[in-house]
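These notes are about the structure you will find just below.
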Amino acid sequence: MTFFERIVLIDDNEDDNFFHGIVIRKAGFQGELRVFENGVDALAFLQTDPLQLRTCVFVDINMPMLDGFEVVAQATPLLEGKTSTTVVMLTSSDAPSDRDRARDMPLIKAFVTKPLKAASFHQLVNEAQGTAPR
Amino acid sequence: MLIPPRPEREAERLARLRDFGVLDTLPEQAFEDITALASSICGTPMALISLIDEKRQWFKSVKGMDTRETDRDMAFCAHAILQPYDMMEVPDAQQDWRFKDNPLVMGAPNIRFYAGMPITTPDGLALGTVCVADREARQLTDTHRSALQSLASLVLHLLERDRQHKEHARREAAEAERRLEYLSAASLTGRDLMAFVDPGHVYRFANATYLDYWGRTREDLVGRPVAEVMGTPQYEALARGGLDQALAGRQASFESTIDFPGQGSRHVETTYVPARNDAGDIIGVVVRTHDIHTLKLREEQLRASVSLLEHKTLEQQRFIHIISHDLREPINSISNFSGLLMDDHLAEFSPATLHHLQRVHAGGERMKASLDDLMRFVQLEQHAVSFDPVDIGQLMQQVHEDLSHAIAQSGGRLDWAALPTVQGDRSLLRVLLQNLVANGLKFSRPGVAPRVEVNAERREGEIRLTVQDNGIGIAASQLDNIFDMFKRLHPRKRYQGTGLGLSIARRIAELHGGQVRVTSEPEVGSRFCLILPDTPPSTAQEARP
């Protein structure tokens, strides 16, 4: 059992999405898993979603059409103040400039370098649980 | 008649006399006044200022006689100068054996009385005399003698003053001539264009270069208006304002492109300098034009090269970035899924299959490490180094934690002494030290637990951090290569690594204005030395006022 009821993966790399899905399942997650291969589709989904489920959104940075930062910027009006949703950058970039940029966006709660491991997923869960309203 | 003997120091006396430059000069009023005074004081019809030349006596001033010189042998004065400080008196020449058969006594001017006071320089050279003479035998009073002494001294004073004036004038003239020579040489043959323009904007002088550029002869330029030579449009646009400003007393200077009939279009820098006379009035403008055409061309070429280089560098960095990203994805897939297979499906594999799978996984991990190092190296070039105080001891604590796995695995140890605080970039220095220490742990001798020791010493203007290991060491022939990118000295099977660690370490040292050096003894150990300047380069500059 994990705190999150839903995981959203936004990444243009099919292999990574598949692998991260396995890692998350192995880490004990049993809820709904949604995968988007570009930011446009992901944003369209978030716009229509009632945003009731406790959700963790993993966003890659390097993507065609919209990059991860643009996705987060466009999602900010939707997700601002919604404690049910946690946004995490999950990227192969460890460039300091990307880290700095992520730090400056309040919506982004964490910056994780690929591949996602069970341990770092558990840590994210614990943090979200700690800050969640009772 | 006694021929007057030559005095001692005669050559010196003659040289001094000539040095005064008085011989054969025209009569001068001051000296005429002196002989008039001598004659009237002593009441004699004749008074002279006589100078004794090599073979004659020459009279600077003569009263009562109508000759300018006589033969030296018959000169009374040639006797008088033998006693430079005493007056010579001949009361009656007809009674004096030295003079009674002298032609000047026997015939005109029939001298009977003579008194001469030597004109003597301070160092005792008698040049001649101030003397009086009469056709009657007679005596002088002490008043007369004293007057003659004063007049002789006055003559010397006048001669000396004249000599100094002439000397001064000669030196001035020589100096002026030399200055004129320099000036004309400088302005005529200089590579700059030089001209003098009068207040009516008319050329009064131009040097050879000026004429050459404008394709004119001197006769064809001097005396003509600037507007005519430059052409009215160029004159209005480029020269008129500068000339007027200089004529108003303010120097003007600007760059322009001028079309020269003799040279074509040239980029030049022209300065208009107000020219003033001694009274400070502006009498015209000195125009100095410096041809900077070639310089400008080179500057433009250089700028083009720099921008091309910057563009190439940017392109290259983008290229590396994209490649690394595109490579990372498939590498991650290899590592991720081979790892997954080994974790979850171990039981299903035969030993051979597992062995192959392990090789695939290890290859993926290695490729990932290479890419990470490569990216770090490229990022170093874009990284702005920040200089803050960094406690190296504290940094070593972190390095120890970073490498705790490697230390435990190798069974080795990492020790450090008291370490200083340096000025530097914390995260870069951490990478640097980590690379050096990891290097020491890695290249251990078989069967010998690695031991790495970090020490520091402060020397004149620099801090040296040494990382000493007890490993396999490096052969002297290889010491030069170890900092090269991707240089590996050992088969991967024995020592893992990308071959970038030391390149990164050296680059970081360079970014700090320092360097990394190495000394080593095979089968004993290596000693890496990081040398950092006590004051880092950029902050040293900022600290200056």
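The chains in the structure tokens are called A, B, ... from first to last as shown; in each chain the residues are counted from 1, and the ligands are counted from 1 in the order shown.
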
Notebook entry, point to check: Got a sec: who's within 9 Å of Leu2 of chain B, counting only C-alpha atoms, leaving out chain neighbours fewer than 3 positions off, as a VMD selection string?
Noted result: chain B and resid 5 73 to 74 97 to 99 102

Using N, CA, C and O atoms, can you export the residues from the last selection as a PDB file, in the first residue's frame?
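Generated output (result_33.pdb):
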ATOM      1  N   PRO B   5     110.969  89.555 -24.547  1.00  0.00           N
ATOM      2  CA  PRO B   5     110.915  88.096 -24.442  1.00  0.00           C
ATOM      3  C   PRO B   5     109.451  87.621 -24.330  1.00  0.00           C
ATOM      4  O   PRO B   5     108.576  88.378 -23.940  1.00  0.00           O
ATOM      5  N   ASP B  73     107.414  93.131 -31.766  1.00  0.00           N
ATOM      6  CA  ASP B  73     108.769  93.362 -31.271  1.00  0.00           C
ATOM      7  C   ASP B  73     108.991  94.797 -30.810  1.00  0.00           C
ATOM      8  O   ASP B  73     109.825  95.051 -29.951  1.00  0.00           O
ATOM      9  N   MET B  74     108.232  95.740 -31.387  1.00  0.00           N
ATOM     10  CA  MET B  74     108.428  97.132 -30.979  1.00  0.00           C
ATOM     11  C   MET B  74     107.392  97.588 -29.969  1.00  0.00           C
ATOM     12  O   MET B  74     107.337  98.751 -29.598  1.00  0.00           O
ATOM     13  N   TRP B  97     117.466 102.204 -22.161  1.00  0.00           N
ATOM     14  CA  TRP B  97     118.208 101.426 -23.166  1.00  0.00           C
ATOM     15  C   TRP B  97     117.325 100.452 -23.929  1.00  0.00           C
ATOM     16  O   TRP B  97     117.574 100.098 -25.056  1.00  0.00           O
ATOM     17  N   ARG B  98     116.232 100.082 -23.312  1.00  0.00           N
ATOM     18  CA  ARG B  98     115.361  99.108 -23.976  1.00  0.00           C
ATOM     19  C   ARG B  98     114.617  99.732 -25.151  1.00  0.00           C
ATOM     20  O   ARG B  98     114.207  99.043 -26.075  1.00  0.00           O
ATOM     21  N   PHE B  99     114.353 101.061 -25.062  1.00  0.00           N
ATOM     22  CA  PHE B  99     113.411 101.664 -26.014  1.00  0.00           C
ATOM     23  C   PHE B  99     113.990 102.797 -26.856  1.00  0.00           C
ATOM     24  O   PHE B  99     113.341 103.242 -27.799  1.00  0.00           O
ATOM     25  N   ASN B 102     113.854 102.396 -30.392  1.00  0.00           N
ATOM     26  CA  ASN B 102     112.587 101.823 -30.884  1.00  0.00           C
ATOM     27  C   ASN B 102     112.019 102.754 -31.947  1.00  0.00           C
ATOM     28  O   ASN B 102     111.996 103.974 -31.771  1.00  0.00           O
TER      29      ASN B 102
END

Notebook entry, point to check: What's the 9 Å shell around segment 83-91 of chain A, counting only C-alpha atoms, without same-chain residues fewer than 2 positions away, as a VMD selection string?
Noted result: chain A and resid 4 11 51 to 62 68 to 69 72 79 to 81 93 to 94 102 107 to 116 124 128 131 to 133

Next item on the list: Go ahead and compute the interatomic distance for atom CA of Pro225 of chain B and atom CA of Ile258 of chain B, in Å to one decimal.
Entry: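 About the pair atom CA of Pro225 of chain B and atom CA of Ile258 of chain B: they are 17.3 Å apart.
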
Notebook entry, point to check: Hey, what's within 7 Å of segment 11-16 of chain B if we count only C-alpha atoms and toss same-chain stuff fewer than 3 positions away? As a PyMOL selection string, please?
Noted result: chain B and resi 19-20+53-54+125+127

Output file for the residues above (N, CA, C and O atoms, as a PDB file, in the first residue's frame):
ATOM      1  N   ASP B  19      90.263  82.830 -27.585  1.00  0.00           N
ATOM      2  CA  ASP B  19      88.987  82.340 -27.079  1.00  0.00           C
ATOM      3  C   ASP B  19      88.031  83.509 -26.794  1.00  0.00           C
ATOM      4  O   ASP B  19      86.818  83.362 -26.916  1.00  0.00           O
ATOM      5  N   PHE B  20      88.596  84.656 -26.422  1.00  0.00           N
ATOM      6  CA  PHE B  20      87.726  85.819 -26.169  1.00  0.00           C
ATOM      7  C   PHE B  20      87.097  86.328 -27.457  1.00  0.00           C
ATOM      8  O   PHE B  20      86.079  87.021 -27.421  1.00  0.00           O
ATOM      9  N   ASP B  53      99.021  89.790 -29.584  1.00  0.00           N
ATOM     10  CA  ASP B  53      98.811  88.580 -30.375  1.00  0.00           C
ATOM     11  C   ASP B  53     100.185  87.928 -30.601  1.00  0.00           C
ATOM     12  O   ASP B  53     101.206  88.445 -30.166  1.00  0.00           O
ATOM     13  N   GLU B  54     100.202  86.828 -31.340  1.00  0.00           N
ATOM     14  CA  GLU B  54     101.443  86.073 -31.492  1.00  0.00           C
ATOM     15  C   GLU B  54     102.580  86.932 -32.069  1.00  0.00           C
ATOM     16  O   GLU B  54     103.691  86.942 -31.539  1.00  0.00           O
ATOM     17  N   LEU B 125      96.906  85.222 -16.629  1.00  0.00           N
ATOM     18  CA  LEU B 125      97.347  85.369 -18.018  1.00  0.00           C
ATOM     19  C   LEU B 125      97.102  86.819 -18.443  1.00  0.00           C
ATOM     20  O   LEU B 125      95.964  87.282 -18.444  1.00  0.00           O
ATOM     21  N   LEU B 127      96.649  89.473 -21.092  1.00  0.00           N
ATOM     22  CA  LEU B 127      96.262  89.458 -22.501  1.00  0.00           C
ATOM     23  C   LEU B 127      96.830  90.667 -23.236  1.00  0.00           C
ATOM     24  O   LEU B 127      97.075  90.607 -24.440  1.00  0.00           O
TER      25      LEU B 127
END

Closest atom pairs, chain A residues within 8 Å of chain B, only C-alpha atoms, as JSON lines:
{"residue": "A:Asn13", "atom": "CA", "partner": "B:Glu329", "partner_atom": "CA", "distance": 7.6}
{"residue": "A:Asp15", "atom": "CA", "partner": "B:Ser333", "partner_atom": "CA", "distance": 6.2}
{"residue": "A:Asp16", "atom": "CA", "partner": "B:Ser333", "partner_atom": "CA", "distance": 7.0}
{"residue": "A:Phe19", "atom": "CA", "partner": "B:Asn336", "partner_atom": "CA", "distance": 7.1}
{"residue": "A:Ser92", "atom": "CA", "partner": "B:Arg328", "partner_atom": "CA", "distance": 7.5}
{"residue": "A:Ser93", "atom": "CA", "partner": "B:His325", "partner_atom": "CA", "distance": 7.9}
{"residue": "A:Ala95", "atom": "CA", "partner": "B:Gln379", "partner_atom": "CA", "distance": 7.9}
{"residue": "A:Pro115", "atom": "CA", "partner": "B:Asn336", "partner_atom": "CA", "distance": 7.4}

Note to self: Taking 2 positions as the minimum chain separation for residues in the same chain, which residues sit within 6 Å of Arg112 of chain B when counting only C-alpha atoms? Answer as a list in words.
What the structure shows: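 The neighbour list is Asp92, Ala93, Arg135, Glu136 and Ala137 of chain B.
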
Next item on the list: Would you please extract all helix (DSSP H, G or I) residues from segment 113-165 of chain B, as assigned by DSSP on the backbone, and give them as a ChimeraX atom specification?
Entry: /B:142-165

Margin query: Ranking A:Arg103, A:Gln74, A:Phe121, A:Asp67 by minimum distance to Ala44 of chain A and counting only C-alpha atoms, which one comes first?
Written below: A:Gln74

Next item on the list: With a distance cut-off of 10 Å and only C-alpha atoms, select the neighbouring residues of segment 200-212 of chain B, excluding the residue or stretch itself and same-chain residues fewer than 3 positions from it, and output the selection as a ChimeraX atom specification.
Entry: /B:184-197,215-218,220-229,239-240,243-244,247,260-263,284-289
